[in-house]
Amino acid sequence: MPALVIVAHGSHLNPGSHDPTFAHADTVRAAGAFDEVREAFWKEEPSFREVLRTVESDEVYVVPLFVSEGYFTEQVIPRELRLADWDVSLWDSDGTDADTATLTPTDVDKTVHYCGPVGTHPAMSDVIVQRAESVTGDPDVGEGVGLAVVGHGTNRNENSAKAIHYHAERVRGMNRFEEVHALFMDEEPEVDDVTEYFDAEDIVVVPLFVADGYHTQEDIPEDMGLTDDYREGYDIPTDVDGHRIWYAGAVGTEPLLADVLLERAADAGADVDEALDIVRKRTATPAAGD
């Protein structure tokens with residue numbers, strides 16, 4: 001059977017940032033779809049550059065645990081994996097619908113299926129909704145409730161915002177929540193002013209980040225007015241300007257994300273139907289379309 005390599009950013013400053021990567025890898029590994037499941041990081045070991053050398057399988061599916069199609073997924077990861085003939089046009093994407101590129105590394109004799117990031121897969125919209133259910137404890141959350149999908153935002157990469165708008169629009173199309181808005185840390189509309197964008201009394205805030213770290217644990221709670229000092233903590237929900245804010249934390253910590261990793265591999269041709277059934281039972285989520 002082939003191997004799966006999950007590539008993520010990692011952090012020298014926040015050791016907990018790798019936790020979701022290892023957790024989702026463990027879930028996929030237990031499903032038995034791949035002979036090998038490996039994790040690799042930009043800021044930690046094992047590194048992008050060395051990971052393919054640790055894999056015995058001749059066929060490898062590489063899935064980036066990143067939110068957007070941008071600098072890391074389009075330049076850094078292919079370069080570090082030494083994927084010959086890589087060009088972003090092979091994904092045939094407008095910034096939110098990356099496909100798969102099958103390439104050969106220059107330093108190892110393997111076939112690599114380089115998948116688009118989990119963050120732009122359509123199934124990520126379901127993870128956002130599941131995250132809202134998890135934080136509120138309500139499997140039917142939505143009626144009379146607003147949902148804010150929050151991204152970092154940056155003027156350096158327009159795709160960063162595209163992913164946030166893409167999922168906000170998809171969730172809005174479900175007609176489940178009273179209101180759905182895309183908000184950002186570093187561009188307009190800003191999450192600091194979250195209550196100004198919603199009429200709904202209850203607002204669920206879901207950051208489209210892979211892991212909880214400085215931004216999700218410190219910046220966003222303070223920016224929204226949940227607390228003056230993140231070290232003092234805050235209630236969930238917290239009353240802010242006449243609204244109740246249900247802050248969910250990073251979407252990447254939701255167990256359902258393991259499903260999206262497998263779906264990325266399936267889209268690239270991996271035979272993972274049985275594993276998807278196993279993982280969906282473990283994450284207590286229905287099959288797509290159910």
# chains A, B, ... in the order shown; residues from 1 in each chain; ligands from 1
>>> residues_around(residues="region 8-12 of chain A", least_positions_apart="2", cutoff="9 Å", atoms="only C-alpha atoms", output="list in words")
Ile6, Asn14, Pro15, Gly16, Ser17, His18, Thr21, Glu39, Ala40, Phe41, Trp42, Lys43, Glu44, Glu45, Phe48, Val63, Pro64, Leu65, Phe66, Phe72, Val210 and Ala211 of chain A
>>> select_by_dssp(residues="region 84-261 of chain A", states="helix (DSSP H, G or I)", output="PyMOL selection string")
chain A and resi 88-91+118-120+124-136+158-173+191-197+214-224+230-232+251-253+257-261
>>> select_by_dssp(residues="region 102-212 of chain A", states="strand (DSSP E or B)", output="JSON, numbers by chain")
{"A": [102, 103, 105, 111, 112, 113, 114, 115, 145, 146, 147, 148, 149, 150, 151, 179, 180, 181, 182, 183, 184, 190, 202, 203, 204, 205, 206, 207]}
>>> closest_atom_pairs(of="region 23-128 of chain A", to="region 259-263 of chain A", cutoff="7 Å", atoms="only C-alpha atoms", output="JSON lines")
{"residue": "A:Val63", "atom": "CA", "partner": "A:Leu261", "partner_atom": "CA", "distance": 6.7}
{"residue": "A:Val118", "atom": "CA", "partner": "A:Val260", "partner_atom": "CA", "distance": 6.3}
{"residue": "A:Ala123", "atom": "CA", "partner": "A:Val260", "partner_atom": "CA", "distance": 6.2}
{"residue": "A:Met124", "atom": "CA", "partner": "A:Val260", "partner_atom": "CA", "distance": 6.8}
>>> closest_residue(among="A:Leu183, A:Val141, A:Met174, A:Ala200", to="Ile220 (chain A)", atoms="only C-alpha atoms")
A:Leu183
>>> closest_residue(among="A:Gly233, A:Gly213, A:Gly70, A:Gly151", to="Val88 (chain A)", atoms="only C-alpha atoms")
A:Gly70
